[in-house]
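What follows is the content of coords-v4.cif (mmCIF, C-alpha atoms).
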data_input
loop_
_atom_site.group_PDB
_atom_site.id
_atom_site.type_symbol
_atom_site.label_atom_id
_atom_site.label_comp_id
_atom_site.auth_asym_id
_atom_site.auth_seq_id
_atom_site.Cartn_x
_atom_site.Cartn_y
_atom_site.Cartn_z
ATOM 1 C CA MET A 20 73.782 15.836 73.165
ATOM 2 C CA SER A 21 77.442 15.197 73.796
ATOM 3 C CA SER A 22 79.265 12.036 72.734
ATOM 4 C CA LEU A 23 80.496 11.775 76.355
ATOM 5 C CA THR A 24 77.996 9.721 78.378
ATOM 6 C CA PRO A 25 79.171 11.035 81.792
ATOM 7 C CA LEU A 26 78.743 14.623 80.572
ATOM 8 C CA ASN A 27 75.206 13.887 79.368
ATOM 9 C CA HIS A 28 74.481 12.408 82.780
ATOM 10 C CA LEU A 29 75.643 15.623 84.484
ATOM 11 C CA ILE A 30 73.546 17.782 82.155
ATOM 12 C CA THR A 31 70.448 15.628 82.754
ATOM 13 C CA ARG A 32 71.065 15.747 86.490
ATOM 14 C CA PHE A 33 71.154 19.550 86.390
ATOM 15 C CA GLN A 34 67.977 19.729 84.284
ATOM 16 C CA GLU A 35 66.105 17.457 86.690
ATOM 17 C CA GLN A 36 66.584 19.805 89.644
ATOM 18 C CA THR A 37 63.325 21.255 90.916
ATOM 19 C CA PRO A 38 63.428 24.150 90.475
ATOM 20 C CA ILE A 39 66.327 24.553 88.036
ATOM 21 C CA ARG A 40 68.897 26.783 89.738
ATOM 22 C CA ALA A 41 69.573 28.991 86.710
ATOM 23 C CA SER A 42 70.603 32.061 88.749
ATOM 24 C CA SER A 43 73.195 30.041 90.634
ATOM 25 C CA LEU A 44 74.624 28.624 87.395
ATOM 26 C CA ILE A 45 74.816 32.120 85.886
ATOM 27 C CA ILE A 46 76.762 33.262 88.949
ATOM 28 C CA THR A 47 79.186 30.387 88.360
ATOM 29 C CA LEU A 48 79.467 31.314 84.686
ATOM 30 C CA TYR A 49 80.283 34.942 85.454
ATOM 31 C CA GLY A 50 82.801 34.054 88.127
ATOM 32 C CA ASP A 51 84.573 31.314 86.215
ATOM 33 C CA ALA A 52 84.386 32.446 82.603
ATOM 34 C CA ILE A 53 83.021 35.950 82.015
ATOM 35 C CA GLU A 54 84.810 37.966 84.695
ATOM 36 C CA PRO A 55 88.311 36.934 83.453
ATOM 37 C CA HIS A 56 87.274 38.276 80.018
ATOM 38 C CA GLY A 57 86.288 41.722 81.273
ATOM 39 C CA GLY A 58 83.005 40.837 82.948
ATOM 40 C CA THR A 59 80.538 42.091 80.290
ATOM 41 C CA VAL A 60 78.589 40.102 77.669
ATOM 42 C CA TRP A 61 75.614 40.500 75.357
ATOM 43 C CA LEU A 62 72.517 38.811 76.776
ATOM 44 C CA GLY A 63 71.716 37.132 73.450
ATOM 45 C CA SER A 64 75.060 35.352 73.336
ATOM 46 C CA LEU A 65 74.633 34.300 76.967
ATOM 47 C CA ILE A 66 71.270 32.737 76.111
ATOM 48 C CA GLN A 67 72.804 30.765 73.220
ATOM 49 C CA LEU A 68 75.734 29.641 75.371
ATOM 50 C CA LEU A 69 73.519 28.121 78.079
ATOM 51 C CA GLU A 70 70.937 26.552 75.767
ATOM 52 C CA PRO A 71 72.716 23.121 75.632
ATOM 53 C CA ILE A 72 72.411 22.846 79.417
ATOM 54 C CA GLY A 73 68.639 23.016 79.046
ATOM 55 C CA ILE A 74 67.930 26.528 80.345
ATOM 56 C CA ASN A 75 65.430 28.240 78.083
ATOM 57 C CA GLU A 76 65.478 31.914 77.140
ATOM 58 C CA ARG A 77 62.611 32.885 79.419
ATOM 59 C CA LEU A 78 64.288 31.381 82.478
ATOM 60 C CA ILE A 79 67.605 33.054 81.660
ATOM 61 C CA ARG A 80 65.940 36.450 81.263
ATOM 62 C CA THR A 81 64.064 35.966 84.542
ATOM 63 C CA SER A 82 67.272 34.944 86.325
ATOM 64 C CA ILE A 83 69.247 37.877 84.912
ATOM 65 C CA PHE A 84 66.486 40.261 86.007
ATOM 66 C CA ARG A 85 66.577 38.772 89.513
ATOM 67 C CA LEU A 86 70.376 39.020 89.746
ATOM 68 C CA THR A 87 70.187 42.637 88.609
ATOM 69 C CA LYS A 88 67.548 43.430 91.199
ATOM 70 C CA GLU A 89 69.686 41.771 93.906
ATOM 71 C CA GLY A 90 72.688 43.908 93.020
ATOM 72 C CA TRP A 91 74.860 41.281 91.336
ATOM 73 C CA LEU A 92 74.585 42.589 87.773
ATOM 74 C CA THR A 93 74.036 45.868 85.991
ATOM 75 C CA ALA A 94 72.722 46.415 82.454
ATOM 76 C CA GLU A 95 73.814 48.735 79.653
ATOM 77 C CA LYS A 96 71.760 49.240 76.498
ATOM 78 C CA VAL A 97 73.574 49.660 73.185
ATOM 79 C CA GLY A 98 70.976 50.049 70.480
ATOM 80 C CA ARG A 99 68.512 47.217 70.934
ATOM 81 C CA ARG A 100 70.988 44.983 72.722
ATOM 82 C CA SER A 101 71.503 44.615 76.481
ATOM 83 C CA TYR A 102 74.946 43.956 77.922
ATOM 84 C CA TYR A 103 75.267 42.712 81.487
ATOM 85 C CA SER A 104 78.231 43.302 83.787
ATOM 86 C CA LEU A 105 79.050 42.613 87.394
ATOM 87 C CA THR A 106 78.408 45.482 89.780
ATOM 88 C CA GLY A 107 81.163 46.553 92.166
ATOM 89 C CA THR A 108 79.361 44.739 94.972
ATOM 90 C CA GLY A 109 78.880 41.678 92.791
ATOM 91 C CA ARG A 110 82.579 41.624 91.930
ATOM 92 C CA ARG A 111 83.567 41.749 95.602
ATOM 93 C CA ARG A 112 81.214 38.842 96.336
ATOM 94 C CA PHE A 113 82.734 36.879 93.460
ATOM 95 C CA ASP A 114 86.272 37.576 94.613
ATOM 96 C CA LYS A 115 85.535 36.120 98.040
ATOM 97 C CA ALA A 116 83.699 33.049 96.786
ATOM 98 C CA PHE A 117 85.918 32.120 93.855
ATOM 99 C CA LYS A 118 89.200 32.777 95.652
ATOM 100 C CA ARG A 119 88.521 29.531 97.530
ATOM 101 C CA VAL A 120 87.733 27.589 94.369
ATOM 102 C CA TYR A 121 91.043 28.099 92.575
ATOM 103 C CA SER A 122 93.480 28.263 95.503
ATOM 104 C CA THR A 123 96.149 25.566 95.630
ATOM 105 C CA SER A 124 96.559 25.167 99.374
ATOM 106 C CA MET A 125 95.655 26.822 102.640
ATOM 107 C CA PRO A 126 98.280 28.677 104.685
ATOM 108 C CA ALA A 127 99.851 26.827 107.601
ATOM 109 C CA TRP A 128 97.906 26.988 110.860
ATOM 110 C CA ASP A 129 99.666 28.045 114.073
ATOM 111 C CA GLY A 130 96.985 26.765 116.458
ATOM 112 C CA SER A 131 95.340 30.118 117.193
ATOM 113 C CA TRP A 132 91.557 30.670 117.193
ATOM 114 C CA CYS A 133 89.100 33.518 116.778
ATOM 115 C CA LEU A 134 86.157 33.328 119.204
ATOM 116 C CA VAL A 135 82.966 35.363 118.842
ATOM 117 C CA MET A 136 80.571 35.600 121.801
ATOM 118 C CA LEU A 137 76.921 36.282 120.909
ATOM 119 C CA SER A 138 75.362 36.437 124.379
ATOM 120 C CA GLN A 139 74.617 40.190 124.240
ATOM 121 C CA LEU A 140 72.706 40.002 120.948
ATOM 122 C CA ASN A 141 68.945 39.622 120.689
ATOM 123 C CA GLN A 142 67.666 36.384 119.175
ATOM 124 C CA ASP A 143 67.062 37.690 115.636
ATOM 125 C CA LYS A 144 70.412 39.457 115.408
ATOM 126 C CA ARG A 145 72.187 36.440 116.879
ATOM 127 C CA LYS A 146 70.711 34.261 114.113
ATOM 128 C CA GLN A 147 71.895 36.724 111.445
ATOM 129 C CA VAL A 148 75.438 36.901 112.810
ATOM 130 C CA ARG A 149 75.675 33.158 113.243
ATOM 131 C CA GLU A 150 74.537 32.439 109.673
ATOM 132 C CA GLU A 151 76.951 34.960 108.163
ATOM 133 C CA LEU A 152 79.952 33.861 110.217
ATOM 134 C CA GLU A 153 79.262 30.184 109.568
ATOM 135 C CA TRP A 154 79.563 31.012 105.863
ATOM 136 C CA GLN A 155 83.036 32.382 106.700
ATOM 137 C CA GLY A 156 84.086 29.129 108.382
ATOM 138 C CA PHE A 157 82.949 29.583 111.989
ATOM 139 C CA GLY A 158 81.367 26.758 113.962
ATOM 140 C CA ALA A 159 79.300 26.822 117.159
ATOM 141 C CA ILE A 160 81.279 25.381 120.074
ATOM 142 C CA SER A 161 78.461 26.374 122.427
ATOM 143 C CA PRO A 162 75.046 28.029 121.938
ATOM 144 C CA MET A 163 76.583 31.475 122.464
ATOM 145 C CA VAL A 164 80.144 31.078 121.148
ATOM 146 C CA LEU A 165 81.389 30.694 117.569
ATOM 147 C CA ALA A 166 84.947 29.677 116.794
ATOM 148 C CA CYS A 167 87.179 29.648 113.733
ATOM 149 C CA PRO A 168 90.760 28.377 113.548
ATOM 150 C CA ARG A 169 91.587 30.469 110.528
ATOM 151 C CA SER A 170 89.763 33.778 110.143
ATOM 152 C CA ASP A 171 90.486 37.236 108.813
ATOM 153 C CA ARG A 172 89.797 39.674 111.635
ATOM 154 C CA THR A 173 89.141 42.436 109.103
ATOM 155 C CA ASP A 174 86.424 40.355 107.439
ATOM 156 C CA VAL A 175 84.885 39.489 110.822
ATOM 157 C CA ASN A 176 84.772 43.146 111.871
ATOM 158 C CA ALA A 177 83.352 44.198 108.493
ATOM 159 C CA THR A 178 80.627 41.549 108.771
ATOM 160 C CA LEU A 179 79.644 42.607 112.274
ATOM 161 C CA LEU A 180 79.603 46.257 111.203
ATOM 162 C CA ASP A 181 77.430 45.494 108.154
ATOM 163 C CA LEU A 182 74.960 43.623 110.381
ATOM 164 C CA GLY A 183 74.892 46.389 112.991
ATOM 165 C CA ALA A 184 76.202 43.948 115.611
ATOM 166 C CA GLN A 185 79.711 45.183 116.327
ATOM 167 C CA GLU A 186 78.868 46.946 119.605
ATOM 168 C CA GLU A 187 76.954 43.936 121.005
ATOM 169 C CA THR A 188 79.433 41.223 119.981
ATOM 170 C CA ILE A 189 82.569 40.215 121.884
ATOM 171 C CA VAL A 190 85.535 38.988 119.831
ATOM 172 C CA PHE A 191 88.540 37.183 121.281
ATOM 173 C CA GLU A 192 91.701 35.883 119.638
ATOM 174 C CA THR A 193 93.649 33.087 121.316
ATOM 175 C CA THR A 194 97.416 32.640 121.150
ATOM 176 C CA ALA A 195 99.085 29.831 119.231
ATOM 177 C CA GLN A 196 99.085 26.392 120.859
ATOM 178 C CA ASP A 197 101.858 23.816 121.068
ATOM 179 C CA VAL A 198 99.399 20.943 120.646
ATOM 180 C CA LEU A 199 97.321 21.900 117.618
ATOM 181 C CA ALA A 200 94.728 19.139 117.633
ATOM 182 C CA SER A 201 94.140 17.069 120.763
ATOM 183 C CA LYS A 202 91.635 14.201 120.761
ATOM 184 C CA ALA A 203 89.085 16.397 122.563
ATOM 185 C CA LEU A 204 89.518 19.168 119.996
ATOM 186 C CA ARG A 205 89.070 16.823 117.029
ATOM 187 C CA LEU A 206 85.888 15.455 118.599
ATOM 188 C CA GLN A 207 84.629 19.008 119.119
ATOM 189 C CA VAL A 208 85.335 19.813 115.472
ATOM 190 C CA ARG A 209 83.240 16.815 114.362
ATOM 191 C CA GLU A 210 80.330 18.105 116.456
ATOM 192 C CA SER A 211 80.590 21.816 115.630
ATOM 193 C CA TRP A 212 81.209 21.620 111.884
ATOM 194 C CA ASN A 213 79.240 18.490 110.903
ATOM 195 C CA ILE A 214 82.251 16.984 109.163
ATOM 196 C CA GLU A 215 80.544 13.671 108.337
ATOM 197 C CA GLU A 216 77.823 15.347 106.258
ATOM 198 C CA LEU A 217 80.376 17.407 104.348
ATOM 199 C CA ALA A 218 82.471 14.289 103.699
ATOM 200 C CA THR A 219 79.391 12.606 102.221
ATOM 201 C CA HIS A 220 78.885 15.511 99.802
ATOM 202 C CA TYR A 221 82.540 15.359 98.739
ATOM 203 C CA SER A 222 82.201 11.616 98.109
ATOM 204 C CA GLU A 223 79.155 12.271 95.916
ATOM 205 C CA PHE A 224 81.139 14.873 93.960
ATOM 206 C CA ILE A 225 83.924 12.344 93.342
ATOM 207 C CA GLN A 226 81.438 9.694 92.207
ATOM 208 C CA LEU A 227 79.844 12.198 89.813
ATOM 209 C CA PHE A 228 83.005 13.544 88.199
ATOM 210 C CA ARG A 229 85.461 10.650 88.227
ATOM 211 C CA PRO A 230 83.684 8.986 85.237
ATOM 212 C CA LEU A 231 83.888 12.325 83.395
ATOM 213 C CA TRP A 232 87.632 12.543 84.114
ATOM 214 C CA GLN A 233 88.142 9.035 82.747
ATOM 215 C CA ALA A 234 86.057 9.742 79.621
ATOM 216 C CA LEU A 235 87.865 13.009 78.899
ATOM 217 C CA ARG A 236 91.272 11.367 79.191
ATOM 218 C CA GLU A 237 90.271 8.750 76.627
ATOM 219 C CA GLN A 238 89.335 11.360 74.010
ATOM 220 C CA GLU A 239 91.872 11.926 71.236
ATOM 221 C CA ASN A 240 90.342 15.259 70.244
ATOM 222 C CA LEU A 241 88.455 17.122 72.933
ATOM 223 C CA GLN A 242 85.504 19.114 71.603
ATOM 224 C CA PRO A 243 85.383 22.796 72.685
ATOM 225 C CA ALA A 244 81.623 22.713 73.373
ATOM 226 C CA ASP A 245 81.969 19.577 75.538
ATOM 227 C CA CYS A 246 84.872 21.145 77.424
ATOM 228 C CA PHE A 247 82.864 24.280 78.173
ATOM 229 C CA LEU A 248 79.863 22.310 79.430
ATOM 230 C CA ALA A 249 82.089 20.078 81.549
ATOM 231 C CA ARG A 250 83.963 23.073 82.982
ATOM 232 C CA ILE A 251 80.885 25.079 83.964
ATOM 233 C CA LEU A 252 79.171 22.091 85.608
ATOM 234 C CA LEU A 253 82.403 21.071 87.356
ATOM 235 C CA ILE A 254 82.996 24.504 88.884
ATOM 236 C CA HIS A 255 79.308 24.946 89.657
ATOM 237 C CA GLU A 256 79.180 21.767 91.740
ATOM 238 C CA TYR A 257 82.560 22.367 93.343
ATOM 239 C CA ARG A 258 81.703 25.968 94.244
ATOM 240 C CA LYS A 259 78.519 24.799 96.003
ATOM 241 C CA LEU A 260 80.593 22.360 98.040
ATOM 242 C CA LEU A 261 83.101 25.001 99.071
ATOM 243 C CA LEU A 262 80.317 27.271 100.283
ATOM 244 C CA ARG A 263 79.570 24.541 102.858
ATOM 245 C CA ASP A 264 83.230 23.840 103.657
ATOM 246 C CA PRO A 265 84.685 25.783 106.623
ATOM 247 C CA GLN A 266 88.195 25.196 105.202
ATOM 248 C CA LEU A 267 89.515 23.793 108.453
ATOM 249 C CA PRO A 268 93.263 23.185 108.836
ATOM 250 C CA ASP A 269 94.541 19.721 107.954
ATOM 251 C CA GLU A 270 95.415 19.116 111.604
ATOM 252 C CA LEU A 271 91.702 19.143 112.482
ATOM 253 C CA LEU A 272 90.531 16.912 109.625
ATOM 254 C CA PRO A 273 90.517 13.110 109.281
ATOM 255 C CA GLY A 274 93.537 11.562 107.583
ATOM 256 C CA ASP A 275 91.356 10.253 104.739
ATOM 257 C CA TRP A 276 89.481 13.519 104.258
ATOM 258 C CA GLU A 277 87.466 13.316 101.018
ATOM 259 C CA GLY A 278 87.867 17.036 100.388
ATOM 260 C CA ARG A 279 91.501 16.507 99.378
ATOM 261 C CA ALA A 280 90.604 13.948 96.716
ATOM 262 C CA ALA A 281 87.766 16.141 95.442
ATOM 263 C CA ARG A 282 90.092 19.137 95.046
ATOM 264 C CA GLN A 283 92.662 17.049 93.184
ATOM 265 C CA LEU A 284 89.987 15.682 90.843
ATOM 266 C CA CYS A 285 88.583 19.163 90.176
ATOM 267 C CA ARG A 286 92.056 20.536 89.447
ATOM 268 C CA ASN A 287 92.919 17.654 87.102
ATOM 269 C CA ILE A 288 89.738 18.024 85.048
ATOM 270 C CA TYR A 289 90.018 21.817 84.879
ATOM 271 C CA ARG A 290 93.622 21.727 83.683
ATOM 272 C CA LEU A 291 92.709 19.210 80.984
ATOM 273 C CA ILE A 292 89.742 21.102 79.511
ATOM 274 C CA TYR A 293 90.182 24.815 80.219
ATOM 275 C CA ALA A 294 91.948 25.689 76.929
ATOM 276 C CA LYS A 295 89.335 24.060 74.682
ATOM 277 C CA ALA A 296 86.572 25.604 76.814
ATOM 278 C CA GLU A 297 88.182 29.001 76.219
ATOM 279 C CA GLU A 298 87.952 28.398 72.477
ATOM 280 C CA TRP A 299 84.211 27.827 72.798
ATOM 281 C CA LEU A 300 83.693 30.886 74.987
ATOM 282 C CA ASN A 301 85.588 33.108 72.554
ATOM 283 C CA SER A 302 83.472 31.892 69.659
ATOM 284 C CA ALA A 303 80.120 32.067 71.481
ATOM 285 C CA LEU A 304 80.141 35.229 73.621
ATOM 286 C CA GLU A 305 80.061 38.840 72.444
ATOM 287 C CA THR A 306 80.688 42.224 74.022
ATOM 288 C CA ALA A 307 79.615 45.640 72.723
ATOM 289 C CA ASP A 308 83.020 45.866 71.016
ATOM 290 C CA GLY A 309 82.822 42.422 69.453
ATOM 291 C CA PRO A 310 84.935 39.451 70.612
ATOM 292 C CA LEU A 311 85.807 38.855 74.248
ATOM 293 C CA PRO A 312 88.965 40.501 75.595
ATOM 294 C CA ASP A 313 91.824 38.133 76.383
ATOM 295 C CA VAL A 314 92.113 36.803 79.910
ATOM 296 C CA GLY A 315 94.783 38.248 82.205
ATOM 297 C CA GLU A 316 97.727 36.440 83.779
ATOM 298 C CA SER A 317 95.784 35.855 87.008
ATOM 299 C CA PHE A 318 93.551 33.409 85.134
ATOM 300 C CA TYR A 319 96.523 31.143 84.426
ATOM 301 C CA ARG A 320 97.429 31.015 88.117
ATOM 302 C CA ARG A 321 94.266 29.071 88.922
ATOM 303 C CA PHE A 322 94.824 25.709 90.635
ATOM 304 C CA GLY A 323 98.522 26.431 91.014
ATOM 305 C CA GLY A 324 99.112 27.130 87.325
ATOM 306 C CA LEU A 325 97.300 26.125 84.141
ATOM 307 C CA LYS A 326 100.043 26.448 81.537
#

How does the structure come out when it is put into structure tokens?
Amino acid sequence: MSSLTPLNHLITRFQEQTPIRASSLIITLYGDAIEPHGGTVWLGSLIQLLEPIGINERLIRTSIFRLTKEGWLTAEKVGRRSYYSLTGTGRRRFDKAFKRVYSTSMPAWDGSWCLVMLSQLNQDKRKQVREELEWQGFGAISPMVLACPRSDRTDVNATLLDLGAQEETIVFETTAQDVLASKALRLQVRESWNIEELATHYSEFIQLFRPLWQALREQENLQPADCFLARILLIHEYRKLLLRDPQLPDELLPGDWEGRAARQLCRNIYRLIYAKAEEWLNSALETADGPLPDVGESFYRRFGGLK
């Protein structure tokens, strides 16, 4: 157990999930900590690293097997040891998901929208397209029309192509508007993106991690193991929130939007603990060549700069 009571609370909270989401935590670990160090580690060292969080060896092996079967990871045998790396597909998925986590700010919005009309799709295909585009930040402004104020047309087209829906889907792009967020538009946003529910989740995140932030700041000597555990649980919870967040422009969000405070808190904690957490990772994880490779410069650009 850690000497930090708020950290112990977070660990217990994770352990009490039913079922324990080990695969999801391993995805967070690869994206946050392993990928910057080359993306490959020995399974045995991974098992030892996650033991303090309460995930036993059997569950880790089961989760790794599942992630391999789903195309996230690939295995290489060296003697009797297995080393797991991200696949090319897994790396692309990580890049999309974790790009949101560490970004400092969103680009300015000019008032334009991307609209996707689903009326020519059959019911099953419509459900598929809607679910995938909602993950990319789209909201339903009517039963047959999805809208996004900030979308990458290339990503939209690639998604529709992957789902076999490009020929049956109609995509429009509006021009920039002088009035970015009228009263009617803000009300529509509240209905289409369920902003209140997301705000509640951000408030819960703040209530969970603010005591940890206060406890960490009071420590004279931060412990590397505590910093690693705090970092992985912090990014794990924050990543789950961002998967729900459509990343709407500030003009469409309430003035007291909880997401801003949550991002600031996450950035503050990460900047405080990342270096000590790196010490723990370097001592705990192994590759086929021995110690982990050093992280690249891109790692230090997280949250607007770590150094």

(request) Quick one: everything within 8 Å of Gly57 (chain A), counting all atoms listed in the file, minus sequence neighbours fewer than 5 positions away in the same chain. Send it as a list in words. (result)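 Here the qualifying residues turn out to be Leu311, Pro312 and Val314 of chain A.
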
(request) List, as a ChimeraX atom specification, every residue that the PyMOL selection byres ((chain A and resi 168) around 7) selects in the file provided. (result) /A:131-133,166-167,169-170,267

Go ahead and save the residues from that selection, with C-alpha atoms, as a tab-separated table (two decimals), in the frame of the given file.
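Contents of again-v5.tsv, as written:
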chain	number	residue	atom	x	y	z
A	131	SER	CA	95.34	30.12	117.19
A	132	TRP	CA	91.56	30.67	117.19
A	133	CYS	CA	89.10	33.52	116.78
A	166	ALA	CA	84.95	29.68	116.79
A	167	CYS	CA	87.18	29.65	113.73
A	169	ARG	CA	91.59	30.47	110.53
A	170	SER	CA	89.76	33.78	110.14
A	267	LEU	CA	89.52	23.79	108.45

(message) When you count all atoms listed in the file, which of these residues is closest to Gln283 (chain A): A:Arg99, A:Arg250, A:Arg111, A:Arg229?
(response)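 Among the listed residues, A:Arg229 lies closest to Gln283 (chain A).
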
(request) May I have the protein, DNA and RNA residues with an atom at most 10 Å from (97.6, 27.3, 111.9), counting all atoms listed in the file in the file's coordinates, returned as a PyMOL selection string? (result) chain A and resi 125-132+168-169+195-196+199+267-270

Pull C-alpha atoms from the residues just selected and write them as a PDB file, in the coordinates of the input.
ATOM      1  CA  MET A 125      95.655  26.822 102.640  1.00  0.00           C
ATOM      2  CA  PRO A 126      98.280  28.677 104.685  1.00  0.00           C
ATOM      3  CA  ALA A 127      99.851  26.827 107.601  1.00  0.00           C
ATOM      4  CA  TRP A 128      97.906  26.988 110.860  1.00  0.00           C
ATOM      5  CA  ASP A 129      99.666  28.045 114.073  1.00  0.00           C
ATOM      6  CA  GLY A 130      96.985  26.765 116.458  1.00  0.00           C
ATOM      7  CA  SER A 131      95.340  30.118 117.193  1.00  0.00           C
ATOM      8  CA  TRP A 132      91.557  30.670 117.193  1.00  0.00           C
ATOM      9  CA  PRO A 168      90.760  28.377 113.548  1.00  0.00           C
ATOM     10  CA  ARG A 169      91.587  30.469 110.528  1.00  0.00           C
ATOM     11  CA  ALA A 195      99.085  29.831 119.231  1.00  0.00           C
ATOM     12  CA  GLN A 196      99.085  26.392 120.859  1.00  0.00           C
ATOM     13  CA  LEU A 199      97.321  21.900 117.618  1.00  0.00           C
ATOM     14  CA  LEU A 267      89.515  23.793 108.453  1.00  0.00           C
ATOM     15  CA  PRO A 268      93.263  23.185 108.836  1.00  0.00           C
ATOM     16  CA  ASP A 269      94.541  19.721 107.954  1.00  0.00           C
ATOM     17  CA  GLU A 270      95.415  19.116 111.604  1.00  0.00           C
TER      18      GLU A 270
END

(request) Find the residues around Phe228 (chain A) up to 8 Å (only C-alpha atoms counted), leave out those fewer than 6 positions away in its own chain, and share them as a ChimeraX atom specification. (result) /A:25,253,284

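The interatomic distance for the pair CA of Gly323 (chain A) and CA of Ile53 (chain A) works out to 20.3 Å.
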
(message) One number please: CA of Phe224 (chain A) to CA of Ala281 (chain A), in Å, one decimal.
(response)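 About the pair CA of Phe224 (chain A) and CA of Ala281 (chain A): they are 6.9 Å apart.
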
Hey, could you pull the box centre and edge lengths for region 182-189 of chain A, axis-aligned, 4 Å padding per side, all listed atoms, to one decimal in Å, as JSON?
{"center_x": 78.7, "center_y": 43.6, "center_z": 116.1, "size_x": 15.7, "size_y": 14.7, "size_z": 19.5}

(request) Can you work out which one of A:Ser222, A:Leu140, A:Pro162, A:Leu304 has the shortest atom-to-atom distance to Glu187 (chain A), counting only C-alpha atoms? (result)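 Closest to Glu187 (chain A) of all the choices is A:Leu140.
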
(request) Select, from A:Tyr319, A:Trp276, A:Phe157, A:Trp232, the residue with the minimum atom-to-atom distance to Leu23 (chain A), counting only C-alpha atoms. (result)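 Residue with the minimum atom-to-atom distance to Leu23 (chain A): A:Trp232.
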
(message) I'd like to see the residues matched by the PyMOL selection byres ((chain A and resi 118) around 12) on this file, and ideally I'd get them as a VMD selection string.
(response) chain A and resid 50 to 51 110 to 117 119 to 125 258 261 to 262 317 to 318 320 to 322

(request) Give me, please, the distance in Å between CA of Tyr289 (chain A) and CA of Gln233 (chain A), quoted to one decimal. (result) 13.1 Å

(message) At a cut-off of 9 Å, using all atoms listed in the file, what residues contact Ala52 (chain A)? Leave out same-chain residues fewer than 5 positions from it and give the result as a ChimeraX atom specification.
(response) /A:47,58,251,297,300

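With the shown file loaded, the PyMOL selection byres ((chain A and resi 146) around 12) picks out Leu137, Ser138, Leu140, Asn141, Gln142, Asp143, Lys144, Arg145, Gln147, Val148, Arg149, Glu150, Glu151, Leu152, Glu153, Ala159, Pro162, Met163, Leu165, Leu182 and Ala184 of chain A.
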
(request) Between A:Leu78, A:Val190, A:Leu217, A:Leu68, single out the one closest to Asp264 (chain A), counting all atoms listed in the file. (result) A:Leu217

(message) Please determine, counting all atoms listed in the file, which residue among A:Ser211, A:Ser43, A:Arg282, A:Thr178 has the shortest atom-to-atom distance to Ser161 (chain A).
(response)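 Selected residue with least distance to Ser161 (chain A): A:Ser211.
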
(request) Go through A:Ser64, A:Thr106, A:Asn287, A:Thr188 and flag the residue nearest Glu76 (chain A), using only C-alpha atoms for the distances. (result)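 Once distances to Glu76 (chain A) are computed over only C-alpha atoms, the minimum belongs to A:Ser64.
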
(message) What's around region 292-296 of chain A at 7 Å? Count only C-alpha atoms, leave out sequence neighbours fewer than 4 positions away in its own chain, and write the answer as a ChimeraX atom specification.
(response) /A:242-244,246-247,288,300

As a short mmCIF file (atom, residue, chain, number, x, y, z; two decimals), in the coordinates of the input, please: region 142-154 of chain A completed to N, CA and C atoms.
data_model
loop_
_atom_site.label_atom_id
_atom_site.label_comp_id
_atom_site.auth_asym_id
_atom_site.auth_seq_id
_atom_site.Cartn_x
_atom_site.Cartn_y
_atom_site.Cartn_z
N GLN A 142 67.78 37.67 119.87
CA GLN A 142 67.67 36.38 119.18
C GLN A 142 67.75 36.53 117.66
N ASP A 143 67.06 37.52 117.09
CA ASP A 143 67.06 37.69 115.64
C ASP A 143 68.45 38.08 115.13
N LYS A 144 69.08 39.01 115.83
CA LYS A 144 70.41 39.46 115.41
C LYS A 144 71.43 38.34 115.58
N ARG A 145 71.29 37.56 116.64
CA ARG A 145 72.19 36.44 116.88
C ARG A 145 72.12 35.45 115.72
N LYS A 146 70.90 35.18 115.24
CA LYS A 146 70.71 34.26 114.11
C LYS A 146 71.40 34.80 112.86
N GLN A 147 71.26 36.10 112.61
CA GLN A 147 71.90 36.72 111.44
C GLN A 147 73.41 36.59 111.50
N VAL A 148 73.98 36.94 112.65
CA VAL A 148 75.44 36.90 112.81
C VAL A 148 75.94 35.48 112.67
N ARG A 149 75.24 34.55 113.30
CA ARG A 149 75.68 33.16 113.24
C ARG A 149 75.68 32.65 111.80
N GLU A 150 74.61 32.91 111.06
CA GLU A 150 74.54 32.44 109.67
C GLU A 150 75.65 33.02 108.82
N GLU A 151 75.92 34.31 108.98
CA GLU A 151 76.95 34.96 108.16
C GLU A 151 78.35 34.47 108.52
N LEU A 152 78.62 34.31 109.81
CA LEU A 152 79.95 33.86 110.22
C LEU A 152 80.17 32.38 109.92
N GLU A 153 79.12 31.59 109.95
CA GLU A 153 79.26 30.18 109.57
C GLU A 153 79.66 30.08 108.10
N TRP A 154 79.15 30.98 107.27
CA TRP A 154 79.56 31.01 105.86
C TRP A 154 81.06 31.31 105.75
#
